[in-house]
Amino acid sequence: MQQIKWYFHPIVVFIFSLLAMSASLALYIYWYIEVSEGLRKVVIKYQLDPSEFFEVRTWVVILVLSVLVGMILIGLFIIFFYNQKTLQLYRMQHNFINNFTHELKTPVTSLKLYLDTFSKYELSREEQIKYIGFMIQDVDRLLDNINRILGLARIEGRSYTKEFVASDPVRTVRQFCDNNAGLFRNSDIVIHDPPEAIPPFRINPSLFEMLLMNLLTNAIKYNASERPRVDIRFVLRKGRVHICFEDNGIGIEKNEIKKIFRKFYQVGRSDDMSAKGSGLGLYLVKHIVKIHRGKVMTESDGSGKGTVFTLIFPVRA
């Protein structure tokens, strides 16, 4: 892509446009005042009636013109702001496409390699089981990426089921972990018993499962420990349920915490191995929590010190 010359850059053009408009307004007001002052001298010199030349609406005109120009400037600022947002979104989408293509291509290539191995060589039962395990991991990775895209489409299209049911959060999380134990077989997910009874609250089952899947897979994916671990705790505070997911992963820098929930955002550059996944997992988490009228908080002491995600949901008596 050919580089744009600096004097054609949108920011430079925008600044020169503002300067030109401001200068035009200043010159117009200056000219208007000079003409009025000239007329005033003529009136005084020839002793004419001032009311025929000067009225209060003179300054009203200036005020109205200033307001209109101000509205134009505000409009330009808004257009410029949204243009920059659109440009930023385009760049993030471009990075998403590159990374997501890699996320899809890698397991497919791996699956093809294993299948070619099965078709060309006689393997022992032990080797077959080992390769089948690798293939299952690749399929799980593909399903995870596909489910995130489908989840994004459902949430942004508001096509998710709007039926909410009262559910025990502790039992729901336990059941989810039991049903998906195969996905987390190489990690430790510990669900701590709450110190007091946690009242049920209304959830959308399919969205809540998507929420749990994204949080747990992120905690395991962004983890450099020999054995990833996630501790899940439940606390009841002031009529709200706090569900804390504490992992022993790579952690998050302070300046990244507010950015990780953005759409397509990934920690690390797109050309760096630290930039993993599709950049949609935590974006989905934030919006699913919002659909449940809750909020999500993130804490981390920095790189290599793990992360704590806290989901806060309101409960009713």
# chains A, B, ... in the order shown; residues from 1 in each chain; ligands from 1
>>> closest_atom_pairs(of="stretch 149-235 of chain A", to="stretch 240-246 of chain A", cutoff="7 Å", atoms="only C-alpha atoms", output="Markdown table")
| residue | atom | partner | partner_atom | distance |
| --- | --- | --- | --- | --- |
| A:Val230 | CA | A:Glu246 | CA | 5.5 |
| A:Asp231 | CA | A:Glu246 | CA | 5.1 |
| A:Ile232 | CA | A:Phe245 | CA | 4.8 |
| A:Arg233 | CA | A:Cys244 | CA | 5.1 |
| A:Phe234 | CA | A:Ile243 | CA | 4.8 |
| A:Val235 | CA | A:His242 | CA | 5.1 |
>>> residues_around(residues="A:Tyr283", least_positions_apart="6", cutoff="7 Å", atoms="only C-alpha atoms", output="PyMOL selection string")
chain A and resi 261-263
>>> residues_around(residues="stretch 170-182 of chain A", least_positions_apart="3", cutoff="12 Å", atoms="only C-alpha atoms", output="ChimeraX atom specification")
/A:133,136-137,140,165-167,185-206,208-213,215-217,230-236,241-245
>>> select_by_dssp(residues="stretch 93-281 of chain A", states="strand (DSSP E)", output="list of chain:residue names")
A:Val165, A:Ala166, A:Ser167, A:Asp188, A:Ile189, A:Val190, A:Ile191, A:Phe201, A:Arg202, A:Ile203, A:Arg229, A:Val230, A:Asp231, A:Ile232, A:Arg233, A:Phe234, A:Val235, A:Leu236, A:Arg237, A:Arg240, A:Val241, A:His242, A:Ile243, A:Cys244, A:Phe245, A:Glu246, A:Asp247
>>> residues_around(residues="A:Leu76", least_positions_apart="2", cutoff="12 Å", atoms="only C-alpha atoms", output="list in words")
Pro10, Ile11, Val13, Phe14, Ile15, Ser17, Leu18, Met21, Val69, Gly70, Met71, Ile72, Leu73, Ile74, Ile78, Ile79, Phe80, Phe81, Tyr82 and Asn83 of chain A
>>> write_last_selection(atoms="C-alpha atoms", output="mmCIF file, in the first residue's frame")
data_model
loop_
_atom_site.group_PDB
_atom_site.id
_atom_site.type_symbol
_atom_site.label_atom_id
_atom_site.label_comp_id
_atom_site.auth_asym_id
_atom_site.auth_seq_id
_atom_site.Cartn_x
_atom_site.Cartn_y
_atom_site.Cartn_z
ATOM 1 C CA PRO A 10 -6.371 13.148 7.569
ATOM 2 C CA ILE A 11 -5.096 14.715 10.795
ATOM 3 C CA VAL A 13 -6.066 18.167 6.638
ATOM 4 C CA PHE A 14 -8.409 18.307 9.643
ATOM 5 C CA ILE A 15 -6.151 20.762 11.520
ATOM 6 C CA SER A 17 -9.536 22.974 7.957
ATOM 7 C CA LEU A 18 -10.111 24.057 11.553
ATOM 8 C CA MET A 21 -12.563 28.101 9.426
ATOM 9 C CA VAL A 69 -19.747 27.911 13.136
ATOM 10 C CA GLY A 70 -19.361 26.236 16.534
ATOM 11 C CA MET A 71 -21.900 23.590 15.499
ATOM 12 C CA ILE A 72 -19.977 23.031 12.265
ATOM 13 C CA LEU A 73 -16.747 22.614 14.237
ATOM 14 C CA ILE A 74 -18.395 20.129 16.594
ATOM 15 C CA ILE A 78 -17.482 14.081 15.554
ATOM 16 C CA ILE A 79 -16.843 13.031 11.939
ATOM 17 C CA PHE A 80 -13.100 12.988 12.577
ATOM 18 C CA PHE A 81 -13.548 10.972 15.793
ATOM 19 C CA TYR A 82 -15.699 8.322 14.120
ATOM 20 C CA ASN A 83 -13.356 8.204 11.146
#
>>> select_by_dssp(residues="stretch 93-234 of chain A", states="helix (DSSP H, G or I)", output="PyMOL selection string")
chain A and resi 93-120+125-156+169-179+205-221
>>> residues_around(residues="stretch 295-308 of chain A", least_positions_apart="6", cutoff="10 Å", atoms="only C-alpha atoms", output="mmCIF file with N, CA and C atoms, in the first residue's frame")
data_model
loop_
_atom_site.group_PDB
_atom_site.id
_atom_site.type_symbol
_atom_site.label_atom_id
_atom_site.label_comp_id
_atom_site.auth_asym_id
_atom_site.auth_seq_id
_atom_site.Cartn_x
_atom_site.Cartn_y
_atom_site.Cartn_z
ATOM 1 N N ALA A 219 -7.931 -18.814 30.428
ATOM 2 C CA ALA A 219 -7.039 -19.009 31.568
ATOM 3 C C ALA A 219 -6.025 -20.116 31.296
ATOM 4 N N TYR A 222 -3.548 -18.897 27.991
ATOM 5 C CA TYR A 222 -2.529 -17.906 28.337
ATOM 6 C C TYR A 222 -1.887 -18.304 29.663
ATOM 7 N N ASN A 223 -1.178 -19.430 29.625
ATOM 8 C CA ASN A 223 -0.613 -19.982 30.843
ATOM 9 C C ASN A 223 0.696 -20.684 30.504
ATOM 10 N N ALA A 224 1.755 -20.300 31.185
ATOM 11 C CA ALA A 224 3.069 -20.899 30.937
ATOM 12 C C ALA A 224 3.468 -21.874 32.030
ATOM 13 N N SER A 225 2.564 -22.169 32.959
ATOM 14 C CA SER A 225 2.867 -23.092 34.043
ATOM 15 C C SER A 225 2.912 -24.527 33.530
ATOM 16 N N ARG A 229 -3.815 -23.904 36.422
ATOM 17 C CA ARG A 229 -4.752 -24.064 37.529
ATOM 18 C C ARG A 229 -5.691 -22.868 37.570
ATOM 19 N N VAL A 230 -6.975 -23.137 37.788
ATOM 20 C CA VAL A 230 -7.974 -22.089 37.930
ATOM 21 C C VAL A 230 -8.769 -22.360 39.200
ATOM 22 N N ASP A 231 -8.777 -21.399 40.111
ATOM 23 C CA ASP A 231 -9.571 -21.500 41.338
ATOM 24 C C ASP A 231 -10.828 -20.661 41.180
ATOM 25 N N ILE A 232 -11.974 -21.286 41.410
ATOM 26 C CA ILE A 232 -13.262 -20.603 41.260
ATOM 27 C C ILE A 232 -13.893 -20.466 42.643
ATOM 28 N N HIS A 242 -20.515 -12.646 43.690
ATOM 29 C CA HIS A 242 -19.195 -12.455 43.086
ATOM 30 C C HIS A 242 -18.628 -13.841 42.766
ATOM 31 N N ILE A 243 -18.374 -14.082 41.485
ATOM 32 C CA ILE A 243 -17.749 -15.334 41.062
ATOM 33 C C ILE A 243 -16.349 -15.003 40.579
ATOM 34 N N CYS A 244 -15.338 -15.491 41.326
ATOM 35 C CA CYS A 244 -13.948 -15.149 41.034
ATOM 36 C C CYS A 244 -13.243 -16.319 40.349
ATOM 37 N N PHE A 245 -12.582 -16.016 39.225
ATOM 38 C CA PHE A 245 -11.781 -16.994 38.494
ATOM 39 C C PHE A 245 -10.320 -16.559 38.610
ATOM 40 N N GLU A 246 -9.563 -17.253 39.453
ATOM 41 C CA GLU A 246 -8.156 -16.900 39.685
ATOM 42 C C GLU A 246 -7.264 -17.954 39.046
ATOM 43 N N ASP A 247 -6.377 -17.534 38.142
ATOM 44 C CA ASP A 247 -5.503 -18.489 37.456
ATOM 45 C C ASP A 247 -4.034 -18.209 37.774
ATOM 46 N N ASN A 248 -3.193 -19.134 37.397
ATOM 47 C CA ASN A 248 -1.741 -18.996 37.588
ATOM 48 C C ASN A 248 -1.060 -18.752 36.251
ATOM 49 N N GLY A 249 -1.732 -17.983 35.382
ATOM 50 C CA GLY A 249 -1.267 -17.751 34.023
ATOM 51 C C GLY A 249 -0.212 -16.668 33.899
ATOM 52 N N ILE A 250 -0.112 -16.152 32.680
ATOM 53 C CA ILE A 250 0.969 -15.216 32.358
ATOM 54 C C ILE A 250 0.711 -13.815 32.906
ATOM 55 N N GLY A 251 -0.512 -13.549 33.393
ATOM 56 C CA GLY A 251 -0.809 -12.235 33.949
ATOM 57 C C GLY A 251 -1.044 -11.174 32.874
ATOM 58 N N ILE A 252 -1.422 -9.998 33.316
ATOM 59 C CA ILE A 252 -1.728 -8.893 32.416
ATOM 60 C C ILE A 252 -1.076 -7.626 32.960
ATOM 61 N N GLU A 253 -0.415 -6.888 32.097
ATOM 62 C CA GLU A 253 0.168 -5.611 32.512
ATOM 63 C C GLU A 253 -0.937 -4.599 32.815
ATOM 64 N N LYS A 254 -0.641 -3.653 33.682
ATOM 65 C CA LYS A 254 -1.641 -2.673 34.118
ATOM 66 C C LYS A 254 -2.232 -1.899 32.946
ATOM 67 N N ASN A 255 -1.388 -1.536 31.980
ATOM 68 C CA ASN A 255 -1.869 -0.725 30.861
ATOM 69 C C ASN A 255 -2.690 -1.536 29.856
ATOM 70 N N GLU A 256 -2.755 -2.860 30.029
ATOM 71 C CA GLU A 256 -3.507 -3.705 29.115
ATOM 72 C C GLU A 256 -4.888 -4.071 29.666
ATOM 73 N N ILE A 257 -5.087 -3.896 30.971
ATOM 74 C CA ILE A 257 -6.310 -4.402 31.603
ATOM 75 C C ILE A 257 -7.560 -3.784 30.999
ATOM 76 N N LYS A 258 -7.544 -2.485 30.731
ATOM 77 C CA LYS A 258 -8.732 -1.826 30.194
ATOM 78 C C LYS A 258 -8.958 -2.114 28.712
ATOM 79 N N ILE A 260 -8.360 -5.301 27.180
ATOM 80 C CA ILE A 260 -8.543 -6.709 26.826
ATOM 81 C C ILE A 260 -9.982 -7.063 26.482
ATOM 82 N N PHE A 261 -10.942 -6.207 26.851
ATOM 83 C CA PHE A 261 -12.342 -6.505 26.549
ATOM 84 C C PHE A 261 -12.796 -5.889 25.224
ATOM 85 N N LEU A 282 -12.823 -12.487 25.510
ATOM 86 C CA LEU A 282 -13.176 -11.576 26.596
ATOM 87 C C LEU A 282 -14.207 -10.542 26.153
ATOM 88 N N VAL A 285 -17.299 -12.326 26.813
ATOM 89 C CA VAL A 285 -17.513 -12.380 28.260
ATOM 90 C C VAL A 285 -18.153 -11.091 28.757
ATOM 91 N N LYS A 286 -17.596 -9.972 28.348
ATOM 92 C CA LYS A 286 -18.113 -8.676 28.801
ATOM 93 C C LYS A 286 -19.570 -8.494 28.417
ATOM 94 N N HIS A 287 -19.922 -8.851 27.178
ATOM 95 C CA HIS A 287 -21.286 -8.616 26.719
ATOM 96 C C HIS A 287 -22.272 -9.622 27.300
ATOM 97 N N ILE A 288 -21.833 -10.840 27.538
ATOM 98 C CA ILE A 288 -22.729 -11.808 28.171
ATOM 99 C C ILE A 288 -23.026 -11.391 29.607
ATOM 100 N N VAL A 289 -22.007 -10.917 30.317
ATOM 101 C CA VAL A 289 -22.223 -10.421 31.677
ATOM 102 C C VAL A 289 -23.170 -9.218 31.654
ATOM 103 N N PRO A 314 -26.340 -9.424 40.001
ATOM 104 C CA PRO A 314 -27.350 -9.088 41.031
ATOM 105 C C PRO A 314 -28.243 -10.283 41.294
#
